[in-house]
Amino acid sequence: MRWCHWVNFPILTIMIWSGMLIYWANDEYSITIFGHKFVQFFPDWYYKLLHIPQRLAEGMAFHFLFMWFFTLNGIFYILYTIISGEWRELVPQKRSFKEAWLVLLHDLHIRKMAPPQNKYNAAQRIAYTAIIVMGMGSVITGLAIYKPVQFYYLTWICGGYHFARIIHFALTLGYVFFFVIHVVQVILAGWNNFRSVISGFEVVNEEPKTVLKDE
Amino acid sequence: MSNRAPKKTRKELSVDQKISRRNFISFTVFGALGLSAYGGWRWLYNSPMEPNGGITGDTRVPLRRALNKTELAFRRVFSNNHLVKTYPKEMAAKYVRHNTDIGSKSKLDAAAWRLQVRKISGEIMAISIDEIKALPKFDIVYDFKCVEGWDQIQHWGGLRFVDFVKHFGLEAESRLEYVGMETPDKEYYVGLDMPSAMHPQTVLAYEMNGMPLPVKHGAPLRLIIPVKYGIKNLKRIGSITFSNHRPHDYWAEQGYDYYSGL
């Protein structure tokens with residue numbers, strides 16, 4: 001599971017970067033409410049900073065290579081969590097949605113007590129499951145806009161080519177939002193927690209692992 | 001008692017040592033893998049460009065190989081039964097988007113225009129636009145898609161390529177692997193795999209929105225191929241050739257996927 005996490009990190013970075021190289025060629029998305037444009041994706045200074053302009057073909061080539069790795073890693077992760085039974089720690093339970101609210105209040109220092117948890121708390125369960133669902137969404141909407149004629153049924157499910165492309169873009173914004181919260185949480189959780197995400201790599205059911213866990 | 005105590009401390013120490021050793025190994029492996037991943041990325045990012053003068057160009061060799069392999073994988077799902085979604089005529093755009101004039105900048109001599117088709121025998125057929133217009137017309141209203149990312153519902157009318165092949169006796173040619181099309185001035189050219197060209201929705205179009213094709217949209221005859229991105233939809237077709245080798249392709253020489261299929 002940790003392997004998948006760390007493999008995904010560079011792949012997703014490359015997918016987002018190459019996606020921006022593609023998006024630049026027709027950057028028409030913005031958040032406009034009642035005629036007022038709040039955000040335009042993206043301003044010129046942003047493109048210049050990241051050397052994005054005029055690289056559509058390159059972006060497509062990278063995007064259509066790393067899509068394979070992104071998808072395979074995702075399939076592997078899902079199969080692994082199902083077979084190992086770790087999904088039980090990850091999938092939200094009935095009470096998770098109520099508890100997640102309490103976790104949020106606790107994390108924002110509004111409430112003193114956090115609800116009891118296993119490996120992951122309720123908010124984590126929701127977030128970590130949502131990100132997998134989003135990943136599947138990216139693959140499905142991606143296929144829907146990559147081969148809209150051959151996978152016409154996927155394109156139809158996604159509300160047509162045009163809309164599928166907007167979902168595909170919005171999901172990417174979702175990743176960035178997730179990433180920001182995720183990193184803040186990791187910093188707040190501290191070194192021990194971070195260390196376990198890395199050292200978990202190598203531990204093969206040895207006793208020291210339990211000691212680590214107790215920390 | 002005195003016997004046990006040192007044993008105990010030794011044991012605890014060894015657990016601590018095990019933890020730190022395990023951490024050390026983990027972080028070393030993590031760092032090494034991270035570095036090699038970065039190295040792999042640098043290798044890919046700086047890998048050599050394709051040599052000049054090839055059918056495809058302007059992209060890095062491994063990326064081109066990946067594009068070609070990906071095409072082979074997705075070709076397995078290609079089918080003539082997979083049709084592009086069509087719309088009612090009313091939904092077609094009145095102002096049809098126009099992106100480029102490459103290959104159709106010069107003045108068109110409509111009266112002198114002939115579609116030149118090179119047969120396997122070497123014979124070159126010269127077909128007039130009236131001969132094409134006399135054949136059954138096929139109308140299609142579909143969502144035209146550009147690699148840039150925009151799409152627009154457009155209405156085109158013309159002769160299906162598959163009917164064109166049948167009528168002009170090009171069956172033998174259609175058993176070859178590729179079709180090449182060029183503008184009369186040879187400035188713009190595309191290569192198409194035969195299955196895509198023979199797809200039942202591929203049209204040699206001479207009408208747009210029910211009217212004769214405007215010059216800037218490719219008069220007198222242009223290609224409309226809904227199973228490909230816009231870059232393959234050649235305007236002002238001058239010549240058509242058939243081959244088992246990939247014909248040259250304007251955008252494939254500039255880093256784009258040769259096939260660009262949808």
# chains A, B, ... in the order shown; residues from 1 in each chain; ligands from 1

$ residues_around --residues "segment 143-149 of chain A" --least-positions-apart "2" --cutoff "7 Å" --atoms "only C-alpha atoms" --output "PDB file with N, CA and C atoms, in the first residue's frame"
ATOM      1  N   VAL A 139      -9.508   8.111 -14.574  1.00  0.00           N
ATOM      2  CA  VAL A 139      -9.241   7.109 -15.610  1.00  0.00           C
ATOM      3  C   VAL A 139     -10.443   7.004 -16.550  1.00  0.00           C
ATOM      4  N   ILE A 140     -11.636   6.987 -15.963  1.00  0.00           N
ATOM      5  CA  ILE A 140     -12.835   6.824 -16.800  1.00  0.00           C
ATOM      6  C   ILE A 140     -13.072   8.061 -17.669  1.00  0.00           C
ATOM      7  N   THR A 141     -13.022   9.249 -17.060  1.00  0.00           N
ATOM      8  CA  THR A 141     -13.219  10.457 -17.881  1.00  0.00           C
ATOM      9  C   THR A 141     -12.066  10.604 -18.865  1.00  0.00           C
ATOM     10  N   PHE A 151     -14.870   4.314 -27.102  1.00  0.00           N
ATOM     11  CA  PHE A 151     -15.500   4.120 -25.783  1.00  0.00           C
ATOM     12  C   PHE A 151     -16.687   5.060 -25.643  1.00  0.00           C
ATOM     13  N   TYR A 152     -17.534   5.055 -26.663  1.00  0.00           N
ATOM     14  CA  TYR A 152     -18.651   6.001 -26.700  1.00  0.00           C
ATOM     15  C   TYR A 152     -19.547   5.865 -25.465  1.00  0.00           C
ATOM     16  N   LEU A 154     -18.591   5.128 -22.396  1.00  0.00           N
ATOM     17  CA  LEU A 154     -17.971   5.868 -21.280  1.00  0.00           C
ATOM     18  C   LEU A 154     -18.227   7.362 -21.435  1.00  0.00           C
ATOM     19  N   THR A 155     -18.076   7.844 -22.683  1.00  0.00           N
ATOM     20  CA  THR A 155     -18.305   9.260 -22.935  1.00  0.00           C
ATOM     21  C   THR A 155     -19.748   9.621 -22.605  1.00  0.00           C
ATOM     22  N   TYR A 161     -18.538  14.362 -24.421  1.00  0.00           N
ATOM     23  CA  TYR A 161     -17.108  14.674 -24.530  1.00  0.00           C
ATOM     24  C   TYR A 161     -16.745  15.966 -23.796  1.00  0.00           C
ATOM     25  N   ALA A 164     -17.168  15.623 -20.012  1.00  0.00           N
ATOM     26  CA  ALA A 164     -16.173  14.691 -19.466  1.00  0.00           C
ATOM     27  C   ALA A 164     -14.830  15.395 -19.277  1.00  0.00           C
ATOM     28  N   ARG A 165     -14.527  16.285 -20.202  1.00  0.00           N
ATOM     29  CA  ARG A 165     -13.266  17.006 -20.134  1.00  0.00           C
ATOM     30  C   ARG A 165     -13.252  17.970 -18.932  1.00  0.00           C
TER      31      ARG A 165
ATOM     32  N   HIS B  82     -18.307   0.950 -33.883  1.00  0.00           N
ATOM     33  CA  HIS B  82     -18.218   2.070 -32.947  1.00  0.00           C
ATOM     34  C   HIS B  82     -18.353   3.358 -33.740  1.00  0.00           C
ATOM     35  N   LEU B  83     -19.497   3.986 -33.601  1.00  0.00           N
ATOM     36  CA  LEU B  83     -19.777   5.172 -34.395  1.00  0.00           C
ATOM     37  C   LEU B  83     -19.696   6.417 -33.523  1.00  0.00           C
ATOM     38  N   VAL B  84     -19.292   7.512 -34.172  1.00  0.00           N
ATOM     39  CA  VAL B  84     -19.299   8.767 -33.436  1.00  0.00           C
ATOM     40  C   VAL B  84     -20.757   9.162 -33.212  1.00  0.00           C
ATOM     41  N   VAL B 227     -13.255   9.685 -36.632  1.00  0.00           N
ATOM     42  CA  VAL B 227     -12.491   8.824 -35.724  1.00  0.00           C
ATOM     43  C   VAL B 227     -11.074   9.362 -35.503  1.00  0.00           C
ATOM     44  N   LEU B 262      -9.547   8.581 -32.308  1.00  0.00           N
ATOM     45  CA  LEU B 262     -10.491   8.881 -31.235  1.00  0.00           C
ATOM     46  C   LEU B 262     -11.380   7.683 -30.945  1.00  0.00           C
TER      47      LEU B 262
END

$ interface_residues --of "chain A" --to "chain B" --cutoff "7 Å" --atoms "only C-alpha atoms" --output "list of chain:residue names"
A:Ala25, A:Asn26, A:Ala57, A:Glu58, A:Ala61, A:Phe62, A:Leu65, A:Tyr146, A:Lys147, A:Pro148, A:Val149, A:Gln150, A:Ile198, A:Ser199, A:Phe201, A:Glu202, A:Pro208

$ write_last_selection --atoms "N, CA and C atoms" --output "PDB file, in the first residue's frame"
ATOM      1  N   ALA A  25      -3.227  24.651 -24.527  1.00  0.00           N
ATOM      2  CA  ALA A  25      -3.575  24.859 -25.935  1.00  0.00           C
ATOM      3  C   ALA A  25      -4.979  25.426 -26.113  1.00  0.00           C
ATOM      4  N   ASN A  26      -5.834  25.237 -25.137  1.00  0.00           N
ATOM      5  CA  ASN A  26      -7.195  25.762 -25.230  1.00  0.00           C
ATOM      6  C   ASN A  26      -7.684  26.030 -23.811  1.00  0.00           C
ATOM      7  N   ALA A  57       2.145  18.897 -28.003  1.00  0.00           N
ATOM      8  CA  ALA A  57       2.489  17.555 -28.496  1.00  0.00           C
ATOM      9  C   ALA A  57       3.285  16.788 -27.445  1.00  0.00           C
ATOM     10  N   GLU A  58       4.227  17.481 -26.817  1.00  0.00           N
ATOM     11  CA  GLU A  58       5.044  16.864 -25.772  1.00  0.00           C
ATOM     12  C   GLU A  58       4.163  16.432 -24.598  1.00  0.00           C
ATOM     13  N   ALA A  61       2.252  13.311 -25.432  1.00  0.00           N
ATOM     14  CA  ALA A  61       3.108  12.118 -25.447  1.00  0.00           C
ATOM     15  C   ALA A  61       3.372  11.627 -24.026  1.00  0.00           C
ATOM     16  N   PHE A  62       3.679  12.552 -23.124  1.00  0.00           N
ATOM     17  CA  PHE A  62       3.930  12.157 -21.726  1.00  0.00           C
ATOM     18  C   PHE A  62       2.644  11.644 -21.081  1.00  0.00           C
ATOM     19  N   LEU A  65       1.700   8.183 -22.078  1.00  0.00           N
ATOM     20  CA  LEU A  65       2.580   7.129 -21.578  1.00  0.00           C
ATOM     21  C   LEU A  65       2.306   6.876 -20.097  1.00  0.00           C
ATOM     22  N   TYR A 146     -10.199  10.436 -24.374  1.00  0.00           N
ATOM     23  CA  TYR A 146      -9.073   9.952 -25.189  1.00  0.00           C
ATOM     24  C   TYR A 146      -9.592   9.198 -26.412  1.00  0.00           C
ATOM     25  N   LYS A 147     -10.594   8.341 -26.209  1.00  0.00           N
ATOM     26  CA  LYS A 147     -11.176   7.569 -27.313  1.00  0.00           C
ATOM     27  C   LYS A 147     -12.701   7.688 -27.268  1.00  0.00           C
ATOM     28  N   PRO A 148     -13.223   8.888 -27.529  1.00  0.00           N
ATOM     29  CA  PRO A 148     -14.674   9.101 -27.388  1.00  0.00           C
ATOM     30  C   PRO A 148     -15.510   8.313 -28.391  1.00  0.00           C
ATOM     31  N   VAL A 149     -14.884   7.858 -29.483  1.00  0.00           N
ATOM     32  CA  VAL A 149     -15.674   7.073 -30.445  1.00  0.00           C
ATOM     33  C   VAL A 149     -15.630   5.601 -30.050  1.00  0.00           C
ATOM     34  N   GLN A 150     -14.437   5.093 -29.755  1.00  0.00           N
ATOM     35  CA  GLN A 150     -14.325   3.675 -29.404  1.00  0.00           C
ATOM     36  C   GLN A 150     -14.996   3.382 -28.060  1.00  0.00           C
ATOM     37  N   ILE A 198       7.307   5.521   5.477  1.00  0.00           N
ATOM     38  CA  ILE A 198       8.449   5.084   4.673  1.00  0.00           C
ATOM     39  C   ILE A 198       8.959   3.730   5.136  1.00  0.00           C
ATOM     40  N   SER A 199       9.158   3.563   6.452  1.00  0.00           N
ATOM     41  CA  SER A 199       9.757   2.310   6.923  1.00  0.00           C
ATOM     42  C   SER A 199       8.787   1.155   6.751  1.00  0.00           C
ATOM     43  N   PHE A 201       7.672   0.296   4.226  1.00  0.00           N
ATOM     44  CA  PHE A 201       8.138  -0.334   2.999  1.00  0.00           C
ATOM     45  C   PHE A 201       8.729  -1.710   3.243  1.00  0.00           C
ATOM     46  N   GLU A 202       9.638  -1.714   4.215  1.00  0.00           N
ATOM     47  CA  GLU A 202      10.520  -2.863   4.315  1.00  0.00           C
ATOM     48  C   GLU A 202      10.059  -3.877   5.343  1.00  0.00           C
ATOM     49  N   PRO A 208       9.682  -5.740  15.533  1.00  0.00           N
ATOM     50  CA  PRO A 208       9.850  -4.304  15.756  1.00  0.00           C
ATOM     51  C   PRO A 208       8.689  -3.485  15.222  1.00  0.00           C
TER      52      PRO A 208
END

$ residues_around --residues "segment 161-174 of chain B" --least-positions-apart "2" --cutoff "7 Å" --atoms "only C-alpha atoms" --output "PyMOL selection string"
chain B and resi 119-120+159+176+194+197-198+200+202-204+242

$ residues_around --residues "Ser30 of chain A" --least-positions-apart "6" --cutoff "12 Å" --atoms "only C-alpha atoms" --output "list in words"
His36, Lys37, Phe38, Val39, Gln40, Phe41, Phe42, Pro43, Ile166, Phe169, Ala170 and Leu173 of chain A

$ write_last_selection --atoms "C-alpha atoms" --output "mmCIF file, in the first residue's frame"
data_model
loop_
_atom_site.group_PDB
_atom_site.id
_atom_site.type_symbol
_atom_site.label_atom_id
_atom_site.label_comp_id
_atom_site.auth_asym_id
_atom_site.auth_seq_id
_atom_site.Cartn_x
_atom_site.Cartn_y
_atom_site.Cartn_z
ATOM 1 C CA HIS A 36 -18.406 37.457 -12.622
ATOM 2 C CA LYS A 37 -15.173 35.621 -13.326
ATOM 3 C CA PHE A 38 -13.625 34.565 -10.041
ATOM 4 C CA VAL A 39 -10.792 32.365 -11.235
ATOM 5 C CA GLN A 40 -9.314 31.989 -14.709
ATOM 6 C CA PHE A 41 -7.272 28.839 -15.354
ATOM 7 C CA PHE A 42 -4.561 29.949 -15.729
ATOM 8 C CA PRO A 43 -3.028 33.434 -15.734
ATOM 9 C CA ILE A 166 -14.497 19.460 -17.515
ATOM 10 C CA PHE A 169 -10.043 18.949 -15.144
ATOM 11 C CA ALA A 170 -12.078 19.429 -11.964
ATOM 12 C CA LEU A 173 -8.121 20.494 -9.025
#

$ closest_residue --among "B:Arg160, B:Ile231, B:Asp139, B:Gly191" --to "Tyr87 of chain B" --atoms "only C-alpha atoms"
B:Asp139

$ select_by_dssp --residues "chain A" --states "alpha helix (DSSP H)" --output "ChimeraX atom specification"
/A:2-23,44-49,56-84,87-90,96-107,122-146,152-157,161-189,191-199,208-214

$ residues_around --residues "Val215 of chain B" --least-positions-apart "3" --cutoff "10 Å" --atoms "only C-alpha atoms" --output "PDB file with N, CA and C atoms, in the first residue's frame"
ATOM      1  N   ASP B 101      -4.980  27.606 -42.227  1.00  0.00           N
ATOM      2  CA  ASP B 101      -5.052  27.678 -43.689  1.00  0.00           C
ATOM      3  C   ASP B 101      -3.885  26.957 -44.346  1.00  0.00           C
ATOM      4  N   SER B 104      -3.947  25.585 -47.942  1.00  0.00           N
ATOM      5  CA  SER B 104      -5.009  26.132 -48.792  1.00  0.00           C
ATOM      6  C   SER B 104      -4.959  27.657 -48.797  1.00  0.00           C
ATOM      7  N   LYS B 105      -3.742  28.199 -48.765  1.00  0.00           N
ATOM      8  CA  LYS B 105      -3.576  29.657 -48.755  1.00  0.00           C
ATOM      9  C   LYS B 105      -3.642  30.235 -50.163  1.00  0.00           C
ATOM     10  N   LYS B 107      -4.716  30.852 -54.098  1.00  0.00           N
ATOM     11  CA  LYS B 107      -6.042  31.040 -54.669  1.00  0.00           C
ATOM     12  C   LYS B 107      -6.508  29.730 -55.307  1.00  0.00           C
ATOM     13  N   LEU B 108      -7.764  29.416 -55.093  1.00  0.00           N
ATOM     14  CA  LEU B 108      -8.298  28.157 -55.636  1.00  0.00           C
ATOM     15  C   LEU B 108      -8.823  28.367 -57.052  1.00  0.00           C
ATOM     16  N   ALA B 110     -11.130  26.696 -59.027  1.00  0.00           N
ATOM     17  CA  ALA B 110     -12.134  25.646 -58.854  1.00  0.00           C
ATOM     18  C   ALA B 110     -12.387  24.870 -60.143  1.00  0.00           C
ATOM     19  N   PRO B 212     -22.606  24.728 -50.192  1.00  0.00           N
ATOM     20  CA  PRO B 212     -21.291  24.363 -50.740  1.00  0.00           C
ATOM     21  C   PRO B 212     -20.169  24.790 -49.793  1.00  0.00           C
ATOM     22  N   GLY B 218     -12.074  24.490 -46.829  1.00  0.00           N
ATOM     23  CA  GLY B 218     -11.482  23.398 -47.593  1.00  0.00           C
ATOM     24  C   GLY B 218     -12.080  23.110 -48.947  1.00  0.00           C
ATOM     25  N   ALA B 219     -12.801  24.091 -49.548  1.00  0.00           N
ATOM     26  CA  ALA B 219     -13.364  23.866 -50.885  1.00  0.00           C
ATOM     27  C   ALA B 219     -12.257  23.470 -51.859  1.00  0.00           C
ATOM     28  N   PRO B 220     -12.568  22.670 -52.861  1.00  0.00           N
ATOM     29  CA  PRO B 220     -13.896  22.109 -53.141  1.00  0.00           C
ATOM     30  C   PRO B 220     -14.195  20.798 -52.400  1.00  0.00           C
ATOM     31  N   LEU B 221     -13.146  20.126 -51.925  1.00  0.00           N
ATOM     32  CA  LEU B 221     -13.362  18.824 -51.281  1.00  0.00           C
ATOM     33  C   LEU B 221     -12.408  18.692 -50.107  1.00  0.00           C
ATOM     34  N   LYS B 235      -7.960  19.815 -45.484  1.00  0.00           N
ATOM     35  CA  LYS B 235      -8.782  20.683 -46.331  1.00  0.00           C
ATOM     36  C   LYS B 235      -8.225  20.664 -47.754  1.00  0.00           C
ATOM     37  N   ARG B 236      -9.083  20.983 -48.719  1.00  0.00           N
ATOM     38  CA  ARG B 236      -8.704  21.089 -50.133  1.00  0.00           C
ATOM     39  C   ARG B 236      -7.816  19.913 -50.565  1.00  0.00           C
TER      40      ARG B 236
END

$ closest_atom_pairs --of "segment 72-148 of chain A" --to "segment 5-16 of chain A" --cutoff "9 Å" --atoms "only C-alpha atoms" --output "Markdown table"
| residue | atom | partner | partner_atom | distance |
| --- | --- | --- | --- | --- |
| A:Asn73 | CA | A:Asn8 | CA | 7.0 |
| A:Gly74 | CA | A:Asn8 | CA | 8.1 |
| A:Tyr77 | CA | A:His5 | CA | 8.6 |
